[in-house]
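See structure below.
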Amino acid sequence: MTTSQNNDHLAGDFYTQNFAKTAKDGNLILNLGPQHPSTHGVLRVVVELDGEYVMRAEPILGYLHRMHEKMAEVKTAAQFIPNMGRVDYGHALGWNWAFVGAVEKLADIEVPERAEYVRVITCELNRIASHLLWWGAYLLDLGAFTPIMYAFDDREKVLDILQIPTGSRLTYSYFRIGGVAQDLNADCIRLIRAFIPWFRSRLPMYKDLVSDNIILRKRIEGIGVIEPDACRRFGATGPVARGSGINYDVRRATPYSMYPKLDFVVPTSELKDARGRYDVRMIEMEQSLRIIEQALDLMPEGEVLVKGAPKPSWKVPKGEAYFAVEGARGKIGAYVVSDGGKNIYRTKLRAPGFCNLSLFAEVSKGTILADAVAILGSLDLIIPEIDR
Amino acid sequence: MEALFNGLGALYLAKCDAAKTGQVFQAFLPPGSLVRAAERLLQDKYFLEDICAVDCVEGYVVVYHFDHFEAPGRLTLRVLVPHDAPTLPSIASVFDGAEWHERETRDFHGVLFTGNPNFIPLLIDPEMADCFPLRKEEKARAKAKDMLEAGEVIFVSPAFTLMTPEAPTEVKESSGDQPATA
């Protein structure tokens, strides 16, 4: 080693140095990520450790920031739809829906009834796929390797189904302003009908093998307690809020599409901890099956795209509109402000994961590092959605 | 809903049509009463959905969206800040989640929030954090009143002309400034 070696990097980058300023003498500053497997993608968390205990944590964002909101300004409304599949690869159709829903609200476009049902069915299938992805990856984080194999086996079936109408397996761009790109064909409907009893038979096995497993219970029960008041202060929604006993689901709170006609339960848990959030997601998958089943029966024949649906050169009427849907991670919101041009003047995307992750600094305080990772996973983070 | 804003010096209060724009109520506030309004909303158990800015001819309209877990209905707070001095008080001391939303708004539009506990770039690389990608060129800006929903006006301060249609303000005054209290 030569004496001229530059050791500046040991002081850390801008964020580490900023974080270390207020650290207590003798405590260890540790960087988790952005390449660590347990941080799912490219999340980085800087933590201040006193022994094993997390004194302070600060998530650092931006490693996957693509400025979708700027892209919305330079593309026409219809051209922006493919971006939505790339905001959140876990629940791409939820984002599809939030954006086209906002534009439809602004332009007062009515969607054909069949298209509404197709949206419900595909969106719920996508929710199951998203929860399975979370479930498998979360258990992998906690050291259980096998469940992800089962989860991906089931998820594969959902992806095969969604591939038929959407033409893609992950970054769906299927919804259109005024409907959906194409109808569900007979083959697709047959596969969905076969999937429902299959997946229903798998859920009790997951419960016996995994959910009730004592190792998992000891690992996630009682950690990461989030009070309802914290959900309000941080704007947490979705399974994170419902796992804290808040009965809030956009599908019921601000009903949209065909959800008022469908019978399903919004699961909540009074446990408020990682276990509560786990339970809520497991029940939600069952409820999604119920929704799909009913929607298949109620779906009328007809068009799936409104006549005269907007073309790429369509001018978006002046005005503003906010439309929210219930995504797999919580409330997905799209706020659009138009000046009457082809490109939307301002598009704001409200990502549920963004608000849910902002809670992490507060809930991780005082836990041991291994629990902090288990809490992080229980929030169900999809980084591209948070960074947008 | 109006009662929430008693004594806050609100500039503009209006009932909105949720079916059309997704909000049930909106209020334009002076920057000074933002924190007090946030405190009242938290007391009333509202939660913060998001904060964003819209770059208009008149300045940046900073929009705060709130909703309620038990009694859903979006409530929008708006504040107008001038282009040359876009500074607002932070509400992160009331709604902790606002910290990130405010940092994001700084990254995108360059609106500054005094009192934010950790006011460093959030999404944009600190080395190029002063590029403010969503600021618009002067000729690309549109007027706020052409885009934002006017709603059913409950109160409008005579000095506040941002949302008033082209009609001059004195007409508003002579015809009584509280036309709708239904």
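Letters A, B, ... go to the chains of the structure tokens in the order shown; residues in each chain start at 1; ligands are counted from 1 in the same order.
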Problem set entry | Surrounding residues of A:Gln17 excluding itself and chain neighbours under 3 positions, 12 Å, only C-alpha atoms, as a list in words | Asp8, His9, Leu10, Ala11, Gly12, Asp13, Phe14, Ala20, Lys21, Thr22, Ala23, Ile29, Leu30, Asn31 and Val46 of chain A; Ile120 of chain B
Give me, as a tab-separated table, the closest atom pair and its distance (Å, one decimal) for every residue of chain B within a cut-off of 7 Å of chain A, counting only C-alpha atoms, rows sorted by chain and rising number.
residue	atom	partner	partner_atom	distance
B:Lys20	CA	A:Lys105	CA	6.2
B:Thr21	CA	A:Ala321	CA	4.1
B:Gly22	CA	A:Tyr322	CA	4.9
B:Tyr46	CA	A:Arg232	CA	6.7
B:Phe47	CA	A:Arg232	CA	4.4
B:Leu48	CA	A:Gly235	CA	5.0
B:Glu49	CA	A:Gly235	CA	5.7
B:Asp50	CA	A:Arg350	CA	6.5
B:Cys52	CA	A:Lys348	CA	7.0
B:Val54	CA	A:Arg346	CA	6.6
B:Phe69	CA	A:Tyr248	CA	5.7
B:Pro72	CA	A:Ala253	CA	6.0
B:Phe95	CA	A:Arg233	CA	4.4
B:Asp96	CA	A:Arg233	CA	5.4
B:Gly97	CA	A:Phe234	CA	3.9
B:Leu122	CA	A:Leu61	CA	6.1
B:Leu123	CA	A:Gly62	CA	4.1
B:Ile124	CA	A:Gly62	CA	6.0
B:Pro133	CA	A:Lys70	CA	6.9
B:Leu134	CA	A:Lys70	CA	6.3
B:Ala142	CA	A:Asp339	CA	6.6
B:Asp146	CA	A:Asp339	CA	6.9
B:Met147	CA	A:Gly319	CA	4.3
B:Leu148	CA	A:Gly319	CA	5.7
B:Glu149	CA	A:Gly319	CA	6.4
For this session: For B:Tyr64, work out the shell of residues within 6 Å, counting only C-alpha atoms and skipping chain neighbours fewer than 6 positions away, then give it as number ranges by chain.
Result: B: 51, 76-77
Output N, CA and C atoms for every residue in that selection, as a PDB file, in the first residue's frame.
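As a result, part-v2.pdb now contains:
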ATOM      1  N   ILE B  51     -48.208  15.914  -1.561  1.00  0.00           N
ATOM      2  CA  ILE B  51     -47.991  17.340  -1.779  1.00  0.00           C
ATOM      3  C   ILE B  51     -47.362  17.466  -3.159  1.00  0.00           C
ATOM      4  N   THR B  76     -58.580  19.534  -0.325  1.00  0.00           N
ATOM      5  CA  THR B  76     -57.367  20.061  -0.946  1.00  0.00           C
ATOM      6  C   THR B  76     -57.021  21.417  -0.367  1.00  0.00           C
ATOM      7  N   LEU B  77     -55.806  21.559   0.118  1.00  0.00           N
ATOM      8  CA  LEU B  77     -55.315  22.872   0.524  1.00  0.00           C
ATOM      9  C   LEU B  77     -54.401  23.362  -0.575  1.00  0.00           C
TER      10      LEU B  77
END
For this session: Just the strand (DSSP E or B) stuff from stretch 2-167 of chain B, please, per backbone DSSP, written as a PyMOL selection string.
Result: chain B and resi 12-15+25-28+46-56+59-68+75-81+87-89+112-114+142+152-156
Could you write out the selected residues, including N, CA and C atoms, as a short mmCIF file (atom, residue, chain, number, x, y, z; two decimals), in the first residue's frame?
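Writing the result to selection36.cif gives the following:
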data_model
loop_
_atom_site.label_atom_id
_atom_site.label_comp_id
_atom_site.auth_asym_id
_atom_site.auth_seq_id
_atom_site.Cartn_x
_atom_site.Cartn_y
_atom_site.Cartn_z
N TYR B 12 -59.84 31.64 -0.08
CA TYR B 12 -60.81 31.10 -1.01
C TYR B 12 -61.28 29.76 -0.50
N LEU B 13 -62.58 29.61 -0.32
CA LEU B 13 -63.12 28.32 0.11
C LEU B 13 -64.19 27.90 -0.89
N ALA B 14 -64.16 26.66 -1.30
CA ALA B 14 -65.17 26.23 -2.27
C ALA B 14 -65.49 24.76 -2.09
N LYS B 15 -66.77 24.45 -2.26
CA LYS B 15 -67.21 23.07 -2.31
C LYS B 15 -66.95 22.56 -3.71
N PHE B 25 -63.69 19.40 -1.31
CA PHE B 25 -63.56 20.75 -0.76
C PHE B 25 -62.16 21.27 -1.07
N GLN B 26 -62.08 22.57 -1.32
CA GLN B 26 -60.74 23.13 -1.50
C GLN B 26 -60.62 24.46 -0.79
N ALA B 27 -59.43 24.78 -0.36
CA ALA B 27 -59.18 26.03 0.34
C ALA B 27 -57.83 26.60 -0.10
N PHE B 28 -57.82 27.85 -0.49
CA PHE B 28 -56.57 28.56 -0.70
C PHE B 28 -56.22 29.25 0.61
N TYR B 46 -57.59 13.64 9.62
CA TYR B 46 -57.28 13.53 8.21
C TYR B 46 -55.89 12.94 8.06
N PHE B 47 -55.61 12.32 6.90
CA PHE B 47 -54.24 11.90 6.63
C PHE B 47 -53.76 12.57 5.36
N LEU B 48 -52.45 12.71 5.26
CA LEU B 48 -51.86 13.41 4.13
C LEU B 48 -51.67 12.43 2.98
N GLU B 49 -52.26 12.75 1.83
CA GLU B 49 -52.07 11.90 0.65
C GLU B 49 -50.78 12.25 -0.07
N ASP B 50 -50.67 13.50 -0.46
CA ASP B 50 -49.46 13.92 -1.14
C ASP B 50 -49.37 15.44 -1.19
N ILE B 51 -48.21 15.91 -1.56
CA ILE B 51 -47.99 17.34 -1.78
C ILE B 51 -47.36 17.47 -3.16
N CYS B 52 -47.85 18.40 -3.96
CA CYS B 52 -47.19 18.61 -5.24
C CYS B 52 -47.36 20.07 -5.62
N ALA B 53 -46.61 20.50 -6.62
CA ALA B 53 -46.72 21.88 -7.08
C ALA B 53 -47.14 21.89 -8.54
N VAL B 54 -47.87 22.94 -8.92
CA VAL B 54 -48.24 23.14 -10.32
C VAL B 54 -47.69 24.51 -10.71
N ASP B 55 -46.88 24.53 -11.75
CA ASP B 55 -46.25 25.76 -12.19
C ASP B 55 -47.22 26.53 -13.09
N CYS B 56 -47.76 27.65 -12.59
CA CYS B 56 -48.72 28.43 -13.36
C CYS B 56 -48.16 29.82 -13.65
N GLY B 59 -47.60 31.88 -10.49
CA GLY B 59 -46.64 31.37 -9.51
C GLY B 59 -46.79 29.87 -9.38
N TYR B 60 -46.19 29.31 -8.33
CA TYR B 60 -46.38 27.88 -8.10
C TYR B 60 -47.59 27.71 -7.20
N VAL B 61 -48.55 26.92 -7.67
CA VAL B 61 -49.65 26.56 -6.79
C VAL B 61 -49.24 25.25 -6.12
N VAL B 62 -48.97 25.32 -4.82
CA VAL B 62 -48.59 24.11 -4.09
C VAL B 62 -49.86 23.48 -3.55
N VAL B 63 -50.06 22.20 -3.88
CA VAL B 63 -51.32 21.51 -3.60
C VAL B 63 -51.08 20.43 -2.55
N TYR B 64 -51.86 20.50 -1.48
CA TYR B 64 -51.79 19.48 -0.42
C TYR B 64 -53.08 18.68 -0.47
N HIS B 65 -52.98 17.39 -0.74
CA HIS B 65 -54.17 16.54 -0.75
C HIS B 65 -54.31 15.79 0.57
N PHE B 66 -55.47 15.91 1.16
CA PHE B 66 -55.75 15.17 2.39
C PHE B 66 -56.97 14.29 2.17
N ASP B 67 -57.01 13.17 2.87
CA ASP B 67 -58.22 12.35 2.84
C ASP B 67 -58.44 11.81 4.25
N HIS B 68 -59.54 11.12 4.43
CA HIS B 68 -59.95 10.69 5.76
C HIS B 68 -60.23 9.19 5.73
N LEU B 75 -59.85 16.50 0.64
CA LEU B 75 -59.82 17.92 0.95
C LEU B 75 -58.49 18.46 0.43
N THR B 76 -58.58 19.53 -0.32
CA THR B 76 -57.37 20.06 -0.95
C THR B 76 -57.02 21.42 -0.37
N LEU B 77 -55.81 21.56 0.12
CA LEU B 77 -55.31 22.87 0.52
C LEU B 77 -54.40 23.36 -0.57
N ARG B 78 -54.52 24.65 -0.90
CA ARG B 78 -53.62 25.19 -1.91
C ARG B 78 -52.98 26.46 -1.39
N VAL B 79 -51.77 26.67 -1.82
CA VAL B 79 -51.06 27.89 -1.47
C VAL B 79 -50.38 28.39 -2.73
N LEU B 80 -50.47 29.68 -2.95
CA LEU B 80 -49.79 30.26 -4.11
C LEU B 80 -48.49 30.90 -3.64
N VAL B 81 -47.37 30.52 -4.27
CA VAL B 81 -46.11 31.18 -3.95
C VAL B 81 -45.54 31.78 -5.23
N THR B 87 -41.10 30.17 -1.15
CA THR B 87 -40.80 29.63 0.17
C THR B 87 -42.08 29.44 0.97
N LEU B 88 -42.18 28.32 1.65
CA LEU B 88 -43.36 28.01 2.46
C LEU B 88 -42.91 27.43 3.78
N PRO B 89 -43.73 27.54 4.82
CA PRO B 89 -43.40 26.83 6.05
C PRO B 89 -43.66 25.34 5.88
N LEU B 112 -39.12 25.94 -1.64
CA LEU B 112 -38.40 25.69 -0.39
C LEU B 112 -39.35 25.63 0.79
N PHE B 113 -39.07 24.76 1.72
CA PHE B 113 -39.93 24.60 2.89
C PHE B 113 -39.08 24.84 4.13
N THR B 114 -39.34 25.94 4.81
CA THR B 114 -38.54 26.23 6.00
C THR B 114 -39.08 25.44 7.18
N ALA B 142 -49.49 28.10 -18.10
CA ALA B 142 -50.91 28.40 -18.28
C ALA B 142 -51.44 29.04 -17.00
N GLU B 152 -67.97 25.42 -6.06
CA GLU B 152 -69.09 26.26 -5.64
C GLU B 152 -68.56 27.15 -4.52
N VAL B 153 -68.35 28.43 -4.85
CA VAL B 153 -67.59 29.30 -3.95
C VAL B 153 -68.37 29.59 -2.67
N ILE B 154 -67.71 29.40 -1.54
CA ILE B 154 -68.32 29.69 -0.24
C ILE B 154 -67.82 31.03 0.25
N PHE B 155 -66.55 31.26 0.05
CA PHE B 155 -65.97 32.53 0.48
C PHE B 155 -64.81 32.87 -0.42
N VAL B 156 -64.71 34.14 -0.78
CA VAL B 156 -63.50 34.56 -1.48
C VAL B 156 -63.09 35.92 -0.94
#
Exercise. Tell me, which residues of stretch 14-146 of chain B carry DSSP alpha helix (DSSP H), written as an NGL selection string?
Worked result: :B and (18-21 or 34-43 or 98-109 or 144-146)
Exercise. Between atom CA of A:Arg290 and atom CA of A:Arg251, what is the spacing in Å?
Worked result: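 Going from atom CA of A:Arg251 over to atom CA of A:Arg290 covers 14.3 Å.
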Problem set entry | Near-stretch 208-219 of chain A list (9 Å; only C-alpha atoms; drop same-chain fewer than 5 positions) as a PyMOL selection string | chain A and resi 139+142+144+147+203+275+278-279+282+371+374
Non-local contacts of stretch 2-9 of chain B (9 Å; only C-alpha atoms; under 2 positions in same chain excluded) as a PDB file with N, CA and C atoms, in the first residue's frame:
ATOM      1  N   LEU B  11     -58.241  32.444   1.934  1.00  0.00           N
ATOM      2  CA  LEU B  11     -58.448  33.375   0.833  1.00  0.00           C
ATOM      3  C   LEU B  11     -59.600  32.941  -0.061  1.00  0.00           C
ATOM      4  N   LEU B  13     -62.579  29.608  -0.324  1.00  0.00           N
ATOM      5  CA  LEU B  13     -63.120  28.315   0.115  1.00  0.00           C
ATOM      6  C   LEU B  13     -64.189  27.904  -0.886  1.00  0.00           C
ATOM      7  N   ALA B  14     -64.160  26.664  -1.305  1.00  0.00           N
ATOM      8  CA  ALA B  14     -65.171  26.226  -2.269  1.00  0.00           C
ATOM      9  C   ALA B  14     -65.486  24.759  -2.095  1.00  0.00           C
ATOM     10  N   PHE B  25     -63.691  19.404  -1.305  1.00  0.00           N
ATOM     11  CA  PHE B  25     -63.560  20.751  -0.758  1.00  0.00           C
ATOM     12  C   PHE B  25     -62.162  21.268  -1.067  1.00  0.00           C
ATOM     13  N   ALA B  27     -59.426  24.776  -0.364  1.00  0.00           N
ATOM     14  CA  ALA B  27     -59.177  26.035   0.335  1.00  0.00           C
ATOM     15  C   ALA B  27     -57.829  26.596  -0.103  1.00  0.00           C
ATOM     16  N   LEU B  29     -55.002  29.056   1.079  1.00  0.00           N
ATOM     17  CA  LEU B  29     -54.602  29.642   2.352  1.00  0.00           C
ATOM     18  C   LEU B  29     -53.407  30.559   2.150  1.00  0.00           C
ATOM     19  N   PRO B  30     -53.253  31.538   3.024  1.00  0.00           N
ATOM     20  CA  PRO B  30     -51.994  32.270   3.034  1.00  0.00           C
ATOM     21  C   PRO B  30     -50.922  31.373   3.647  1.00  0.00           C
ATOM     22  N   GLY B  32     -48.844  31.698   5.870  1.00  0.00           N
ATOM     23  CA  GLY B  32     -48.711  31.797   7.310  1.00  0.00           C
ATOM     24  C   GLY B  32     -49.631  30.881   8.096  1.00  0.00           C
ATOM     25  N   SER B  33     -50.776  30.510   7.520  1.00  0.00           N
ATOM     26  CA  SER B  33     -51.708  29.702   8.317  1.00  0.00           C
ATOM     27  C   SER B  33     -51.682  28.234   7.940  1.00  0.00           C
ATOM     28  N   LEU B  34     -50.692  27.859   7.129  1.00  0.00           N
ATOM     29  CA  LEU B  34     -50.598  26.473   6.668  1.00  0.00           C
ATOM     30  C   LEU B  34     -50.408  25.484   7.826  1.00  0.00           C
ATOM     31  N   ARG B  36     -51.073  25.853  11.012  1.00  0.00           N
ATOM     32  CA  ARG B  36     -52.249  25.773  11.886  1.00  0.00           C
ATOM     33  C   ARG B  36     -53.360  24.958  11.232  1.00  0.00           C
ATOM     34  N   ALA B  37     -53.518  25.126   9.914  1.00  0.00           N
ATOM     35  CA  ALA B  37     -54.530  24.337   9.201  1.00  0.00           C
ATOM     36  C   ALA B  37     -54.185  22.859   9.277  1.00  0.00           C
ATOM     37  N   ARG B  40     -55.118  21.419  12.605  1.00  0.00           N
ATOM     38  CA  ARG B  40     -56.555  21.149  12.733  1.00  0.00           C
ATOM     39  C   ARG B  40     -56.964  19.909  11.960  1.00  0.00           C
ATOM     40  N   LEU B  41     -56.360  19.720  10.782  1.00  0.00           N
ATOM     41  CA  LEU B  41     -56.717  18.546   9.983  1.00  0.00           C
ATOM     42  C   LEU B  41     -56.276  17.261  10.674  1.00  0.00           C
ATOM     43  N   ASP B  44     -58.644  16.485  13.307  1.00  0.00           N
ATOM     44  CA  ASP B  44     -59.866  15.931  12.733  1.00  0.00           C
ATOM     45  C   ASP B  44     -59.633  14.578  12.072  1.00  0.00           C
ATOM     46  N   ILE B 154     -67.712  29.397  -1.538  1.00  0.00           N
ATOM     47  CA  ILE B 154     -68.322  29.689  -0.245  1.00  0.00           C
ATOM     48  C   ILE B 154     -67.818  31.027   0.252  1.00  0.00           C
ATOM     49  N   SER B 157     -61.826  36.012  -0.574  1.00  0.00           N
ATOM     50  CA  SER B 157     -61.315  37.267  -0.051  1.00  0.00           C
ATOM     51  C   SER B 157     -61.218  38.263  -1.205  1.00  0.00           C
TER      52      SER B 157
END
Exercise. What gap, in Å, lies between atom CA of A:Lys311 and atom CA of A:Met71?
Worked result: 18.2 Å
Exercise. Restricting the calculation to only C-alpha atoms, which member of B:Asp125, B:Pro117, B:Pro31, B:Gln23 is positioned closest to B:Ala10?
Worked result: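 Among B:Asp125, B:Pro117, B:Pro31, B:Gln23, it is B:Pro31 that comes nearest to B:Ala10.
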Exercise. What is the distance between atom CA of A:Val266 and atom CA of A:Ser378, in Å to one decimal?
Worked result: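 Interatomic distance, atom CA of A:Val266 to atom CA of A:Ser378: 18.6 Å.
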